[in-house]
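J.: Supplied in structure tokens, the structure appears directly below.
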Amino acid sequence: MVISMKINYKMRSLRNQPRKHGTTENTKGRDWNPLCPMFIIKKIQRFRGKKHFCRSLNLVIVILLAGPFLVCPAPAQQVDFYQETQVNILPEDTLTVGSGIQLDLNRATREEISGLQGIPAKLAEDIYTYRFERGAFASFYQLMEVPGMTPVQLKKLRRQVAVFPSADTSRVTRYIAELQDRLASEESPGYGAINEWEELLLHPMDINRATIDQLLTLQNVSPIDAAAVVRHVKYSGRIKDWRTLQRNIDGLSRYGFTNMRNYVAVSPQEEKFYFDGNYRVRLTSDDRLDPGDEDDFRYQAASLNAALEAFIPGAAIYDTMTTDKILGQHGWTEPEIAQLKNRLQSEYDQLKYARNDLAVQHRLRMDLGGDFKLGYFHQKEPFETEGFTKAYVALYDLSPIDKLFIGNYRLTFGQGLAMDNRWSADESMVRRFSRGAGAFGDITSNEEFALRGAALQSAIWNIKPTFFFSSDQKDGILNRDGTVNTYFTPSPRYPWYRDVFNEKTYGMNLNWDLSGAMSLPVGTSLGFTAFECKYDKAFRPDASELDLPGDKNDLSDPNFTQLWSGNVRGVKSGNFRTVVDNLSVEGELAHLNSGGWAYLWKTHLQYETLYLLLLRRHYDVDYDNPYSRGFSEQTKFDDTILEKEYRLIDPVYKQLVNYPAPKAEDGTYIETRWQISRQFTITRAYIDFWRNLAYGLDNVRFQGELEYRPVFPLRFRVKQKYQTKYLPKSAEATKSNTRETTLRTFCTLTDRDYFNVELRYGEVRLTPSTLYGSNTLMSGVYLASNWQHNFSPNWDMKAGISSWRTDAMSQWIFEDAGIDFLDGDGLKYFISVSDRLSDNLQARLRIRGKDTRYEYNNIYGPDYVYYFTELPAEVVRDFTDRRDLWKVDLQLDFRW
């Protein structure tokens, strides 16, 4: 690699050209001296002599400080995809050499390379082997890294071959795997965004033609960054090379450049007609029927069995009346009760007798010249009688039509208050304040809020209209009179709730780009969205159809009782955006016909080493829009009795908490990131004040993280979280105070290897009550480490292990399927292997295991008053409940 750098520099000097960005990183001013492990050990020993340091703290210091050096003998320059990929690394004159008809080295077959004039057969074979093992060539001069290559042979190749950006996906595939890893993070972008980014890796957008909305589809690219690029092209002309994009764009931050560089082209090659695509199959096997947490089907089956036993006199000895008598006293007829029992029995039998088969996903994407695209998705989950399919065909750039989708599509407008049909029921998705607007093909696993029909996005002068129509069957809970209670997305999808009503949606969005009009700044726009949903069955939310009557809790939360009802749901909204220098302001105001209002606006102030973000939002209690995905702290049914299956007529109704619309709240969110110096950075700090509008309860959440980087590859981070939150109760709201501290150290090693150690401790203090007495403290500790090693450019391995110990306070870990809450005491591990089997085939195998132990102590009381019901009577004593879960996931990607 050093030889290659020197040759590149020498050849550029001979051509009297400035050094191009992207070949090697300028290391001036950086400290590349290795940090001596013995120095760390001596420092630890010196501290151990002090009395106020305990033995456990010494152990933590050894793990957090010395751990990375066990696998990191010396710092190494960080290598990122921007420096590796075969596209968009260097200006055009460095990518290709010579003129005339030349062989494209990244597309050439073994026979074509062997046929090059004056090249020995052994060297030709080594060139092909190098490309197979290392991936596509990034520049012509990279040939000097091939074993046996000499300047004389390189000169012979100069006029015979060229290196063009190609559809060869050797390194793109590797980076796509890293994109999928982003799903397992607190800032998960979601599957829809990942799908779009995968396509941009193969065919980057032309930076000189990109719009602000297109650039905003990229993660962590701010409106200020996007407007800076568009403004430069508008007033200063084309961006001709990477150096201009990185250093000469007024207003473009280094952070913004870093996040867009893999997906844009500064000098795109004129591509002839091409046909490429990707077929992916994913096979998953797990033991969701074995005992585990509340997401496992055995737990769900046990809840259903308990609900069935409640109909049998004497079966549930703690109840004085059976369920059928309770329902009869509250207006249920005998046929209605019998139908309920049959449904509960059917749901229980589906879990009890179902086979734990493989979960199978098929995904296909095809692209013909960028003008015609096709997508297909099919998923079949275990314990379900049938799977579901999504597909689309799309036409692009048929003036004045920008995009035309037929089939399944996604829509996002403004701040997502009126229309954003992505699935976002988990925390990593609802706390989102960055999104790209427009229409996109949809081949994600989101079925309940899918749109199926046609969407057309056009461009007429500075106005971009989008028209859409959808007709789709939706899952839901039907009332006894045949009306719809609410949307419902259970897992597994029981036949009782599947496709029970039809939703026809039609509407439009107008976006007017006002950049330059009446001296308005670039990035100024106005938008308007209006749509209606027509249902073949009327909506009539009714708590008595869900809530088991007669107990001490009832479903009286206004977030449910004020849900919309009727046959036609109409939503209108207006949105705006403007960018002035390093300040952006944007917002949206939405209204539900015969319902409430919602608004959100945010201000973003950006400097090179600092940004400040201020966000205000308000969602009325009666603003019930199933396609609203505005920034929020909670989803609509969080902290309601819907979380308690034993309070519901059917335990399956507990999954209503997955309804993704935001809870009624009014809040102010402030966030910053500040690079104080080269060594110290506040990576992210935010504070959120919000009020639960249904009950008038004020809450606050703060989180801040400080990073210290003594040398380039090594980083230490400390994160602190505080939260005060009120939980509504029938008599008086209870208060909880949460405190959480996280210590983390990680280092980036040679060839993208990675090592990470994380330690977290948290505690929650509850409001004293007759139930808890003086036992108001919950706590938990979590320790994890993960490691990645790239054995070659084609084969890498990731592994991780985590351990936790809790005293009633759950810990958590982010995974690609969402957040996993960790209860009890336990151990979780994973190992993932990725291998490029051929030029076109990539395989990825992931194995995960989870071992959880629940300690039940002091449950028998002082007088041994608890006994098992079986005879002869036996006292309930201390015991440990152990639950083991595992999961195997195999993914095959074929690209052409």
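Convention: chains lettered A, B, ... in structure tokens order; per-chain residue numbering from 1; ligands numbered from 1 as shown.
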Applying 7 Å and only C-alpha atoms, which residues near Thr217 of chain A remain after dropping the ones on its own chain fewer than 2 positions away? List them as a list in words.
T.: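 Near neighbours after the sequence-gap exclusion: Asp213, Gln214, Leu215, Gln219, Arg435 and Gly436 of chain A.
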J.: Kindly export the residues of the current selection with C-alpha atoms, as a PDB file, in the first residue's frame.
T.:
```pdb
ATOM      1  CA  ASP A 213     -34.907  16.612  -1.111  1.00  0.00           C
ATOM      2  CA  GLN A 214     -32.750  13.945  -2.771  1.00  0.00           C
ATOM      3  CA  LEU A 215     -29.737  14.847  -0.632  1.00  0.00           C
ATOM      4  CA  GLN A 219     -28.573   9.918   6.776  1.00  0.00           C
ATOM      5  CA  ARG A 435     -36.425  12.326   6.721  1.00  0.00           C
ATOM      6  CA  GLY A 436     -36.339  12.682   2.964  1.00  0.00           C
TER       7      GLY A 436
END
```
J.: When you look at Leu451 of chain A with a cut-off of 7 Å (counting only C-alpha atoms), what residues show up, excluding the ones that are within fewer than 5 positions of it in the same chain? I need them as a PDB file with N, CA and C atoms, in the first residue's frame.
T.:
```pdb
ATOM      1  N   ASN A 408     -46.699  -1.427  -4.753  1.00  0.00           N
ATOM      2  CA  ASN A 408     -46.467  -0.922  -3.397  1.00  0.00           C
ATOM      3  C   ASN A 408     -45.470   0.222  -3.411  1.00  0.00           C
ATOM      4  N   TYR A 409     -45.749   1.251  -2.639  1.00  0.00           N
ATOM      5  CA  TYR A 409     -44.878   2.404  -2.594  1.00  0.00           C
ATOM      6  C   TYR A 409     -44.927   3.038  -1.209  1.00  0.00           C
ATOM      7  N   ARG A 410     -43.892   3.830  -0.904  1.00  0.00           N
ATOM      8  CA  ARG A 410     -43.817   4.591   0.339  1.00  0.00           C
ATOM      9  C   ARG A 410     -43.932   6.070   0.029  1.00  0.00           C
ATOM     10  N   SER A 470     -54.442   4.328  -3.492  1.00  0.00           N
ATOM     11  CA  SER A 470     -54.167   3.007  -2.922  1.00  0.00           C
ATOM     12  C   SER A 470     -55.473   2.336  -2.545  1.00  0.00           C
ATOM     13  N   ASP A 472     -56.281  -1.269  -0.445  1.00  0.00           N
ATOM     14  CA  ASP A 472     -55.595  -2.374   0.225  1.00  0.00           C
ATOM     15  C   ASP A 472     -56.451  -2.906   1.361  1.00  0.00           C
TER      16      ASP A 472
END
```
J.: Write out as a list in words the residues lying within 7 Å of segment 489-500 of chain A, counting only C-alpha atoms and excluding same-chain residues fewer than 3 positions away.
T.: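 My reading of the contact set: Glu347, Phe383, Glu384, Glu448, Gln473, Lys474, Asp475, Gly476, Ile477 and Gln655 of chain A.
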J.: I want to know what sits within 6 Å of segment 610-613 of chain A, based on only C-alpha atoms, with residues of the same chain fewer than 3 positions away left out; could you give that as a PyMOL selection string?
T.: chain A and resi 603-607+670-674
J.: Extract, using only C-alpha atoms, all DNA, RNA and protein residues at most 8 Å from segment 754-767 of chain A, discarding same-chain residues fewer than 3 positions from it, and format them as a PyMOL selection string.
T.: chain A and resi 63-64+67-68+71+734-749+776-789+809
J.: Can you write just those residues out, N, CA and C atoms, as a short mmCIF file (atom, residue, chain, number, x, y, z; two decimals), in the first residue's frame?
T.:
```
data_model
loop_
_atom_site.label_atom_id
_atom_site.label_comp_id
_atom_site.auth_asym_id
_atom_site.auth_seq_id
_atom_site.Cartn_x
_atom_site.Cartn_y
_atom_site.Cartn_z
N ILE A 63 -10.47 -3.31 32.05
CA ILE A 63 -11.26 -3.73 30.90
C ILE A 63 -11.41 -2.60 29.90
N LEU A 64 -11.77 -1.40 30.41
CA LEU A 64 -12.08 -0.30 29.51
C LEU A 64 -10.84 0.31 28.88
N GLY A 67 -8.21 -3.23 27.52
CA GLY A 67 -8.81 -4.22 26.65
C GLY A 67 -8.51 -4.04 25.18
N PRO A 68 -8.71 -2.83 24.63
CA PRO A 68 -8.44 -2.67 23.20
C PRO A 68 -7.01 -2.94 22.80
N VAL A 71 -5.85 -6.38 21.51
CA VAL A 71 -6.08 -6.74 20.11
C VAL A 71 -5.57 -5.66 19.17
N THR A 734 -48.21 8.18 39.25
CA THR A 734 -46.97 7.83 39.94
C THR A 734 -45.79 8.39 39.17
N LYS A 735 -44.71 8.61 39.89
CA LYS A 735 -43.52 9.25 39.33
C LYS A 735 -42.33 8.30 39.40
N SER A 736 -41.54 8.29 38.36
CA SER A 736 -40.31 7.49 38.35
C SER A 736 -39.15 8.37 37.92
N ASN A 737 -38.00 8.19 38.57
CA ASN A 737 -36.76 8.91 38.24
C ASN A 737 -35.72 7.89 37.79
N THR A 738 -35.26 8.06 36.57
CA THR A 738 -34.30 7.12 35.99
C THR A 738 -32.94 7.80 35.85
N ARG A 739 -31.90 7.06 36.23
CA ARG A 739 -30.52 7.52 36.06
C ARG A 739 -29.72 6.39 35.44
N GLU A 740 -28.93 6.72 34.43
CA GLU A 740 -28.20 5.67 33.72
C GLU A 740 -26.84 6.21 33.29
N THR A 741 -25.79 5.43 33.56
CA THR A 741 -24.42 5.81 33.20
C THR A 741 -23.81 4.72 32.34
N THR A 742 -23.19 5.13 31.23
CA THR A 742 -22.58 4.18 30.31
C THR A 742 -21.14 4.59 30.05
N LEU A 743 -20.22 3.63 30.22
CA LEU A 743 -18.81 3.81 29.87
C LEU A 743 -18.52 2.91 28.67
N ARG A 744 -17.84 3.48 27.70
CA ARG A 744 -17.58 2.72 26.47
C ARG A 744 -16.21 3.07 25.94
N THR A 745 -15.48 2.06 25.46
CA THR A 745 -14.22 2.28 24.77
C THR A 745 -14.20 1.41 23.52
N PHE A 746 -13.69 1.97 22.44
CA PHE A 746 -13.61 1.20 21.21
C PHE A 746 -12.47 1.74 20.37
N CYS A 747 -11.99 0.90 19.47
CA CYS A 747 -10.90 1.32 18.59
C CYS A 747 -11.12 0.72 17.21
N THR A 748 -10.73 1.48 16.21
CA THR A 748 -10.76 1.04 14.82
C THR A 748 -9.37 0.58 14.46
N LEU A 749 -9.25 -0.67 14.09
CA LEU A 749 -7.94 -1.27 13.86
C LEU A 749 -7.61 -1.28 12.37
N THR A 776 -38.59 0.78 46.65
CA THR A 776 -38.87 1.66 45.52
C THR A 776 -37.70 1.80 44.56
N LEU A 777 -36.63 1.05 44.76
CA LEU A 777 -35.45 1.17 43.91
C LEU A 777 -35.33 -0.05 43.01
N MET A 778 -35.26 0.18 41.71
CA MET A 778 -34.96 -0.86 40.73
C MET A 778 -33.60 -0.52 40.10
N SER A 779 -32.83 -1.52 39.79
CA SER A 779 -31.50 -1.27 39.23
C SER A 779 -31.13 -2.38 38.26
N GLY A 780 -30.07 -2.12 37.50
CA GLY A 780 -29.57 -3.10 36.56
C GLY A 780 -28.20 -2.72 36.06
N VAL A 781 -27.39 -3.71 35.72
CA VAL A 781 -26.04 -3.48 35.21
C VAL A 781 -25.87 -4.33 33.95
N TYR A 782 -25.12 -3.80 32.99
CA TYR A 782 -24.97 -4.44 31.68
C TYR A 782 -23.52 -4.29 31.24
N LEU A 783 -22.91 -5.37 30.78
CA LEU A 783 -21.53 -5.38 30.29
C LEU A 783 -21.50 -6.12 28.97
N ALA A 784 -20.91 -5.50 27.96
CA ALA A 784 -20.90 -6.10 26.63
C ALA A 784 -19.59 -5.80 25.93
N SER A 785 -19.23 -6.68 25.00
CA SER A 785 -18.07 -6.47 24.16
C SER A 785 -18.35 -7.09 22.80
N ASN A 786 -17.91 -6.42 21.74
CA ASN A 786 -18.01 -7.02 20.41
C ASN A 786 -16.76 -6.71 19.62
N TRP A 787 -16.53 -7.51 18.62
CA TRP A 787 -15.26 -7.50 17.89
C TRP A 787 -15.53 -7.84 16.43
N GLN A 788 -14.80 -7.22 15.55
CA GLN A 788 -14.90 -7.50 14.12
C GLN A 788 -13.50 -7.66 13.55
N HIS A 789 -13.32 -8.70 12.76
CA HIS A 789 -12.03 -8.92 12.11
C HIS A 789 -12.27 -9.29 10.65
N MET A 809 -35.14 -3.74 37.04
CA MET A 809 -34.97 -2.76 35.97
C MET A 809 -34.41 -3.44 34.72
#
```
